[in-house]
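Structure file run-v1.csv; described as CSV, C-alpha atoms.
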chain,number,residue,atom,x,y,z
A,1,MET,CA,0.0,0.0,0.0
A,2,PRO,CA,1.4,3.4,-0.9
A,3,ILE,CA,2.1,6.0,1.8
A,4,ASN,CA,-1.0,8.1,2.7
A,5,VAL,CA,-0.2,11.7,2.0
A,6,GLU,CA,-3.5,12.7,3.6
A,7,PHE,CA,-1.9,12.0,7.0
A,8,ALA,CA,-0.1,15.4,6.8
A,9,GLY,CA,-1.5,17.8,9.3
A,10,ARG,CA,-2.8,15.1,11.6
A,11,GLU,CA,-2.5,15.5,15.3
A,12,TYR,CA,-2.8,12.6,17.8
A,13,PRO,CA,-4.3,12.9,21.2
A,14,PRO,CA,-1.9,13.0,24.2
A,15,GLN,CA,-0.6,9.6,25.4
A,16,ALA,CA,-0.3,8.3,28.9
A,17,ALA,CA,2.6,10.1,30.7
A,18,TYR,CA,6.2,8.8,30.4
A,19,GLU,CA,7.7,8.7,33.9
A,20,VAL,CA,11.4,9.6,33.9
A,21,SER,CA,13.5,7.7,36.4
A,22,ARG,CA,17.1,8.3,37.6
A,23,GLU,CA,17.9,4.8,36.5
A,24,LYS,CA,16.7,5.2,32.9
A,25,ILE,CA,18.6,8.5,32.7
A,26,ARG,CA,21.7,6.7,33.9
A,27,GLU,CA,21.3,3.7,31.6
A,28,PHE,CA,20.9,6.0,28.5
A,29,ALA,CA,23.8,8.1,29.5
A,30,VAL,CA,26.1,5.1,29.8
A,31,ALA,CA,24.9,3.8,26.5
A,32,VAL,CA,26.0,7.0,24.6
A,33,GLY,CA,29.2,7.3,26.6
A,34,ALA,CA,28.1,10.4,28.6
A,35,THR,CA,30.2,10.8,31.7
A,36,HIS,CA,29.0,14.2,33.2
A,37,PRO,CA,28.0,13.7,36.8
A,38,ALA,CA,24.8,15.7,36.3
A,39,HIS,CA,23.3,12.5,34.7
A,40,THR,CA,24.1,10.2,37.7
A,41,ASP,CA,24.7,12.3,40.8
A,42,PRO,CA,21.7,14.3,42.1
A,43,SER,CA,24.0,16.7,44.1
A,44,ALA,CA,26.0,17.5,40.9
A,45,ALA,CA,22.8,18.2,39.0
A,46,GLN,CA,21.5,20.4,41.9
A,47,ALA,CA,24.8,22.3,41.9
A,48,LEU,CA,23.9,23.3,38.3
A,49,GLY,CA,20.5,24.4,39.4
A,50,TYR,CA,18.4,21.4,38.4
A,51,PRO,CA,16.0,19.6,40.8
A,52,ASP,CA,17.4,16.1,40.1
A,53,VAL,CA,19.7,14.3,37.6
A,54,ILE,CA,19.1,15.5,34.0
A,55,ALA,CA,18.9,13.5,30.8
A,56,THR,CA,21.4,13.6,28.0
A,57,PRO,CA,20.6,15.8,25.0
A,58,THR,CA,19.0,12.9,22.9
A,59,PHE,CA,17.2,11.1,25.7
A,60,ALA,CA,13.9,12.6,24.5
A,61,VAL,CA,14.0,10.2,21.5
A,62,LEU,CA,12.7,7.6,23.9
A,63,VAL,CA,9.6,9.7,24.7
A,64,ALA,CA,9.1,10.8,21.1
A,65,GLN,CA,9.4,7.3,19.7
A,66,ARG,CA,6.4,6.1,21.7
A,67,ALA,CA,4.3,8.9,20.2
A,68,GLU,CA,5.7,8.3,16.7
A,69,ALA,CA,4.6,4.6,16.9
A,70,GLN,CA,1.0,5.8,16.7
A,71,LEU,CA,1.6,6.9,13.2
A,72,ILE,CA,4.1,4.2,12.1
A,73,GLU,CA,2.0,1.3,13.4
A,74,ASP,CA,-1.2,2.7,11.9
A,75,PRO,CA,-1.9,0.5,8.8
A,76,ALA,CA,-3.9,3.3,7.2
A,77,ALA,CA,-0.7,5.4,7.1
A,78,GLY,CA,0.9,2.9,4.7
A,79,ILE,CA,4.4,3.1,6.2
A,80,ASP,CA,6.3,-0.2,5.6
A,81,PHE,CA,8.8,-0.1,8.5
A,82,SER,CA,11.2,-2.5,6.6
A,83,ARG,CA,11.6,0.2,4.0
A,84,VAL,CA,12.2,3.1,6.5
A,85,VAL,CA,15.5,4.9,6.9
A,86,HIS,CA,15.9,7.6,9.5
A,87,ALA,CA,16.8,10.8,7.6
A,88,GLU,CA,16.9,13.6,10.1
A,89,GLU,CA,16.4,14.2,13.8
A,90,ARG,CA,16.3,17.5,15.7
A,91,PHE,CA,15.7,18.3,19.4
A,92,VAL,CA,14.7,21.7,20.9
A,93,HIS,CA,15.0,21.7,24.6
A,94,HIS,CA,12.7,24.2,26.4
A,95,ARG,CA,14.3,22.9,29.6
A,96,PRO,CA,16.4,19.8,30.4
A,97,ILE,CA,14.4,16.6,31.2
A,98,HIS,CA,15.0,15.5,34.8
A,99,ALA,CA,14.2,12.5,37.0
A,100,GLY,CA,10.7,12.7,38.3
A,101,ASP,CA,9.3,14.3,35.2
A,102,ARG,CA,6.0,13.0,34.0
A,103,LEU,CA,6.0,13.8,30.3
A,104,VAL,CA,3.0,14.0,28.1
A,105,THR,CA,3.5,14.0,24.3
A,106,VAL,CA,1.3,15.2,21.5
A,107,LEU,CA,2.4,14.0,18.0
A,108,HIS,CA,1.9,16.1,14.9
A,109,VAL,CA,2.4,14.9,11.4
A,110,ASP,CA,4.0,18.0,9.9
A,111,SER,CA,4.4,16.8,6.3
A,112,VAL,CA,4.3,13.8,4.0
A,113,VAL,CA,6.1,14.5,0.7
A,114,GLU,CA,6.6,12.0,-2.1
A,115,ARG,CA,9.4,12.5,-4.6
A,116,ALA,CA,11.3,10.2,-6.9
A,117,GLY,CA,10.1,6.9,-5.3
A,118,LEU,CA,10.8,8.2,-1.8
A,119,ALA,CA,8.4,9.4,0.7
A,120,MET,CA,9.6,11.8,3.4
A,121,VAL,CA,7.5,11.8,6.5
A,122,THR,CA,8.2,14.5,9.1
A,123,THR,CA,6.7,14.3,12.6
A,124,ARG,CA,6.9,16.7,15.5
A,125,ALA,CA,6.5,15.4,19.1
A,126,GLU,CA,5.6,18.2,21.5
A,127,ILE,CA,6.6,17.0,25.0
A,128,ALA,CA,5.3,18.8,28.1
A,129,ASP,CA,5.3,18.2,31.8
A,130,ASP,CA,2.2,17.2,33.7
A,131,ALA,CA,1.5,20.9,34.3
A,132,GLY,CA,1.4,21.4,30.6
A,133,THR,CA,4.7,23.4,30.4
A,134,PRO,CA,6.7,22.7,27.3
A,135,VAL,CA,9.8,20.6,27.9
A,136,ALA,CA,11.0,19.5,24.5
A,137,THR,CA,10.2,19.4,20.8
A,138,VAL,CA,11.5,16.5,18.8
A,139,ILE,CA,11.3,16.7,15.0
A,140,SER,CA,12.0,13.5,13.1
A,141,THR,CA,12.1,12.8,9.4
A,142,LEU,CA,11.8,9.3,8.0
A,143,ALA,CA,12.5,8.4,4.4
A,144,VAL,CA,10.4,5.5,3.1
A,145,ARG,CA,11.4,3.8,-0.1
A,146,GLY,CA,8.6,3.0,-2.5
A,147,VAL,CA,7.9,-0.5,-3.7
A,148,ASP,CA,10.1,-1.4,-6.6
A,149,GLU,CA,8.0,-1.3,-9.8
B,1,MET,CA,34.9,17.9,39.4
B,2,THR,CA,34.3,21.4,38.1
B,3,ALA,CA,35.7,22.2,34.7
B,4,ALA,CA,36.1,25.8,33.7
B,5,ARG,CA,33.1,26.8,31.8
B,6,PRO,CA,33.7,28.6,28.4
B,7,GLU,CA,32.7,32.3,28.2
B,8,LEU,CA,31.1,33.8,25.2
B,9,SER,CA,33.4,36.8,25.1
B,10,GLY,CA,36.5,34.6,24.7
B,11,LEU,CA,35.2,32.7,21.7
B,12,GLU,CA,35.6,33.2,17.9
B,13,VAL,CA,33.9,31.8,15.0
B,14,GLY,CA,36.0,29.0,13.4
B,15,GLN,CA,37.7,28.1,16.7
B,16,GLU,CA,37.9,24.4,17.5
B,17,ILE,CA,36.4,23.3,20.8
B,18,GLY,CA,37.9,19.8,20.7
B,19,ARG,CA,37.9,16.5,19.1
B,20,ARG,CA,37.5,12.9,20.1
B,21,THR,CA,37.3,9.3,18.8
B,22,ILE,CA,34.3,7.1,19.6
B,23,ALA,CA,35.1,3.4,19.4
B,24,VAL,CA,32.0,1.4,18.5
B,25,GLU,CA,31.9,-2.4,19.1
B,26,ARG,CA,29.0,-4.8,18.7
B,27,GLY,CA,28.5,-4.7,22.5
B,28,THR,CA,28.1,-0.9,22.3
B,29,LEU,CA,25.2,-1.4,19.9
B,30,VAL,CA,23.6,-4.1,22.1
B,31,ARG,CA,23.7,-1.7,25.0
B,32,TYR,CA,22.3,1.2,23.0
B,33,ALA,CA,19.5,-1.1,21.6
B,34,GLY,CA,18.4,-1.8,25.2
B,35,ALA,CA,18.7,1.7,26.5
B,36,GLY,CA,17.3,3.4,23.4
B,37,GLY,CA,14.5,0.9,22.8
B,38,ASP,CA,15.6,0.3,19.2
B,39,PHE,CA,15.6,-3.4,18.4
B,40,ASN,CA,15.8,-3.2,14.6
B,41,PRO,CA,17.9,-6.4,13.8
B,42,ILE,CA,20.1,-4.5,11.3
B,43,HIS,CA,21.9,-3.3,14.4
B,44,TYR,CA,22.8,-6.8,15.7
B,45,ASN,CA,22.1,-9.4,13.0
B,46,ASP,CA,24.5,-9.6,9.9
B,47,VAL,CA,22.1,-11.8,7.9
B,48,VAL,CA,19.2,-9.3,8.2
B,49,ALA,CA,21.5,-6.4,7.6
B,50,ARG,CA,22.9,-7.9,4.4
B,51,GLY,CA,19.4,-8.9,3.3
B,52,VAL,CA,18.5,-5.3,3.1
B,53,GLY,CA,21.6,-4.4,1.1
B,54,LEU,CA,23.9,-3.2,4.0
B,55,PRO,CA,27.5,-4.5,4.3
B,56,GLY,CA,26.7,-5.9,7.7
B,57,VAL,CA,25.5,-4.7,11.1
B,58,ILE,CA,25.5,-0.9,11.3
B,59,ALA,CA,25.4,1.5,14.3
B,60,HIS,CA,22.1,3.1,15.3
B,61,GLY,CA,22.0,6.6,13.8
B,62,MET,CA,20.7,7.7,17.2
B,63,PHE,CA,23.7,6.2,18.9
B,64,THR,CA,26.1,8.2,16.8
B,65,MET,CA,24.0,11.3,17.3
B,66,GLY,CA,23.8,10.8,21.1
B,67,ALA,CA,27.5,9.9,21.4
B,68,ALA,CA,28.8,12.8,19.2
B,69,ILE,CA,27.1,15.5,21.3
B,70,GLU,CA,29.1,14.5,24.4
B,71,LEU,CA,32.0,16.5,23.1
B,72,VAL,CA,29.9,19.6,23.3
B,73,ALA,CA,28.3,18.7,26.7
B,74,ASP,CA,31.7,18.2,28.3
B,75,TRP,CA,33.0,21.4,26.7
B,76,ALA,CA,30.0,23.4,27.9
B,77,GLY,CA,30.4,21.9,31.4
B,78,ASP,CA,26.6,21.6,31.7
B,79,PRO,CA,24.7,19.1,29.5
B,80,GLY,CA,21.5,21.1,30.2
B,81,ALA,CA,23.0,24.1,28.4
B,82,ILE,CA,22.4,22.4,25.0
B,83,LEU,CA,19.2,24.1,23.8
B,84,GLU,CA,19.0,22.6,20.3
B,85,TYR,CA,20.7,19.8,18.5
B,86,GLY,CA,19.9,18.5,15.0
B,87,VAL,CA,21.5,16.2,12.4
B,88,ARG,CA,21.0,14.5,9.1
B,89,PHE,CA,21.9,10.9,8.8
B,90,THR,CA,24.0,10.7,5.7
B,91,ARG,CA,25.9,7.4,5.8
B,92,PRO,CA,25.7,4.2,7.8
B,93,VAL,CA,28.6,3.2,10.1
B,94,PRO,CA,29.3,-0.6,9.7
B,95,VAL,CA,30.5,-2.2,12.9
B,96,PRO,CA,33.0,-5.1,12.6
B,97,ASN,CA,33.0,-8.3,14.5
B,98,PRO,CA,35.4,-8.6,16.3
B,99,GLY,CA,36.9,-5.1,16.5
B,100,ALA,CA,35.6,-1.5,16.6
B,101,ALA,CA,34.5,1.2,14.2
B,102,ARG,CA,36.1,4.5,15.0
B,103,ILE,CA,34.0,7.6,14.6
B,104,GLU,CA,35.9,10.9,14.6
B,105,VAL,CA,34.2,13.9,16.1
B,106,THR,CA,35.4,17.5,15.8
B,107,GLY,CA,33.6,20.6,17.1
B,108,VAL,CA,34.0,24.1,15.8
B,109,ILE,CA,32.3,27.4,16.8
B,110,GLY,CA,29.9,28.1,13.9
B,111,ALA,CA,28.2,31.2,15.1
B,112,LEU,CA,28.0,33.5,18.2
B,113,ASP,CA,24.9,35.3,19.4
B,114,PRO,CA,25.9,37.6,22.2
B,115,ASP,CA,22.3,39.0,22.6
B,116,ALA,CA,20.9,35.6,23.1
B,117,GLY,CA,23.9,34.4,25.1
B,118,THR,CA,24.3,31.4,22.8
B,119,VAL,CA,26.8,29.8,20.6
B,120,ARG,CA,26.3,27.4,17.7
B,121,ILE,CA,28.7,24.4,17.6
B,122,ASP,CA,29.1,22.7,14.2
B,123,LEU,CA,30.2,19.1,14.5
B,124,ALA,CA,32.1,17.2,11.9
B,125,VAL,CA,31.3,13.5,12.5
B,126,GLU,CA,33.2,11.1,10.2
B,127,PHE,CA,34.0,7.4,9.7
B,128,GLU,CA,36.9,6.4,7.5
B,129,GLY,CA,37.1,10.0,6.2
B,130,ALA,CA,33.5,10.2,5.1
B,131,LYS,CA,30.8,12.3,6.8
B,132,VAL,CA,28.2,10.1,8.7
B,133,LEU,CA,26.2,13.0,10.1
B,134,GLY,CA,25.3,16.0,8.0
B,135,LYS,CA,24.5,19.5,9.2
B,136,ALA,CA,25.2,18.4,12.8
B,137,GLN,CA,24.7,21.6,14.8
B,138,ALA,CA,24.0,22.4,18.4
B,139,VAL,CA,23.0,25.6,20.1
B,140,VAL,CA,24.5,26.1,23.5
B,141,ARG,CA,23.6,28.6,26.2
B,142,LEU,CA,26.7,30.2,27.9
B,143,ARG,CA,26.7,32.4,30.9
Once more with this new file: its structure as structure tokens, please.
Amino acid sequence: MPINVEFAGREYPPQAAYEVSREKIREFAVAVGATHPAHTDPSAAQALGYPDVIATPTFAVLVAQRAEAQLIEDPAAGIDFSRVVHAEERFVHHRPIHAGDRLVTVLHVDSVVERAGLAMVTTRAEIADDAGTPVATVISTLAVRGVDE
Amino acid sequence: MTAARPELSGLEVGQEIGRRTIAVERGTLVRYAGAGGDFNPIHYNDVVARGVGLPGVIAHGMFTMGAAIELVADWAGDPGAILEYGVRFTRPVPVPNPGAARIEVTGVIGALDPDAGTVRIDLAVEFEGAKVLGKAQAVVRLR
């Protein structure tokens, strides 16, 4: 099934909150080779003015991915995941994510563009805390190869 | 451990902030798969990877992105000072077995914005002399 360009402009309802733990922040930091103590030592994070340990700059991908799954796993969108290549990723941090955050994400499908057998799908995950204050915006572009004719 | 934090007034466009080598082994990818929740088999199974036209297992693009920014986080002295970070994924990084792929990261001051109190760092991220991340840029708040 071809990609459904009519999905552009769609917005998904907020999902259940993602609860950020110290241990997940630590696990992710170790996995990307981050060694700054603000990721593992609450007192080091507090010395920089944060309430608890803070996440590394790309941690928000974990939260965004859950929201993006709503689109990718929707059969009506026509996205064949075996043909998907990650093309671009961009994070805008309104404030650092910290342990104890309860993050609520709203996914927007910003564009679906087809050109030369390739569909570019750009999503924007707007991540806020449970008070509704913006925390991060994650913009992701997937390139989906068309079926060989 | 308190490293000296860079000050905007002492910086110039074009100045290098540092460079480092990231060694990536198969075990590095297994760890990232678990932490990052990305279990696509092209990141651990050579048969699957070759089946989709890759030379073998490749690193997660998000691993490379996440590892490359650490140069900037350490330079800034505060990982929370990174306000924006974006990349394009331009080439895969094949990871041998056994052994390690070596990704070279260099950071340069791309722009200064004294009014906003921010600096843009441009990252060159290369494997075997070819760029693996394109337009890799981070905006960092300095005091």
*Would you kindly return, as a ChimeraX atom specification, each protein, DNA or RNA residue with an atom no farther than 9 Å from any atom of segment 99-116 of chain B, considering all atoms listed in the file and excluding same-chain residues fewer than 3 positions away?*
/B:8-9,11-26,64,68-69,71-72,93-96,119-129,132,137,141
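Atom CA of Leu142 of chain A is found 17.9 Å from atom CA of Tyr12 of chain A.
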Distance filter 8 Å, all atoms listed in the file, chain A against chain B, as a compact mmCIF listing (two decimals) with C-alpha atoms, in the coordinates of the input:
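The result, written out as result.txt:
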# COMPACT_ATOMS: atom_id res chain seq x y z
CA LYS A 24 16.70 5.20 32.90
CA GLU A 27 21.30 3.70 31.60
CA PHE A 28 20.90 6.00 28.50
CA ALA A 31 24.90 3.80 26.50
CA VAL A 32 26.00 7.00 24.60
CA GLY A 33 29.20 7.30 26.60
CA ALA A 34 28.10 10.40 28.60
CA HIS A 36 29.00 14.20 33.20
CA ALA A 38 24.80 15.70 36.30
CA LEU A 48 23.90 23.30 38.30
CA ILE A 54 19.10 15.50 34.00
CA THR A 56 21.40 13.60 28.00
CA PRO A 57 20.60 15.80 25.00
CA THR A 58 19.00 12.90 22.90
CA VAL A 61 14.00 10.20 21.50
CA LEU A 62 12.70 7.60 23.90
CA HIS A 86 15.90 7.60 9.50
CA ALA A 87 16.80 10.80 7.60
CA GLU A 88 16.90 13.60 10.10
CA GLU A 89 16.40 14.20 13.80
CA ARG A 90 16.30 17.50 15.70
CA PHE A 91 15.70 18.30 19.40
CA VAL A 92 14.70 21.70 20.90
CA HIS A 93 15.00 21.70 24.60
CA HIS A 94 12.70 24.20 26.40
CA ARG A 95 14.30 22.90 29.60
CA PRO A 96 16.40 19.80 30.40
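Note that the spacing between atom CA of Ala55 of chain A and atom CA of Ala125 of chain A amounts to 17.2 Å.
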*So what do you get for atom CA of Ser140 of chain A versus atom CA of Leu54 of chain B, distance-wise?*
22.4 Å
*Find the residues around Gly56 of chain B up to 12 Å (all atoms listed in the file counted), leave out those fewer than 3 positions away in its own chain, and share them as an MDAnalysis selection string.*
chainID B and resid 26 41:53 59 92:97
*Which polymer residues have any atom within 12 Å of an atom of Arg66 of chain A, counting only C-alpha atoms, with same-chain residues fewer than 6 positions away left out, as JSON, numbers by chain?*
{"A": [12, 14, 15, 16, 17, 18, 60, 72, 73, 103, 104, 105, 106, 107, 125, 127, 138], "B": [36, 37, 38]}
_Residue list as a list of chain:residue names for point (16.3, 20.8, 40.1), cut-off 12 Å, only C-alpha atoms_ = A:Ala38, A:Asp41, A:Pro42, A:Ser43, A:Ala44, A:Ala45, A:Gln46, A:Ala47, A:Leu48, A:Gly49, A:Tyr50, A:Pro51, A:Asp52, A:Val53, A:Ile54, A:Arg95, A:Pro96, A:Ile97, A:His98, A:Ala99, A:Gly100, A:Asp101, B:Gly80
*Would you list the contacts of Ala77 of chain A as a VMD selection string, taking every protein, DNA or RNA residue within 9 Å and counting all atoms listed in the file, but skipping same-chain residues closer than 6 positions in sequence?*
chain A and resid 1 to 7 71
Restricting it to C-alpha atoms, dump the selection as a PDB file, in the frame of the given file.
ATOM      1  CA  MET A   1       0.000   0.000   0.000  1.00  0.00           C
ATOM      2  CA  PRO A   2       1.400   3.400  -0.900  1.00  0.00           C
ATOM      3  CA  ILE A   3       2.100   6.000   1.800  1.00  0.00           C
ATOM      4  CA  ASN A   4      -1.000   8.100   2.700  1.00  0.00           C
ATOM      5  CA  VAL A   5      -0.200  11.700   2.000  1.00  0.00           C
ATOM      6  CA  GLU A   6      -3.500  12.700   3.600  1.00  0.00           C
ATOM      7  CA  PHE A   7      -1.900  12.000   7.000  1.00  0.00           C
ATOM      8  CA  LEU A  71       1.600   6.900  13.200  1.00  0.00           C
TER       9      LEU A  71
END
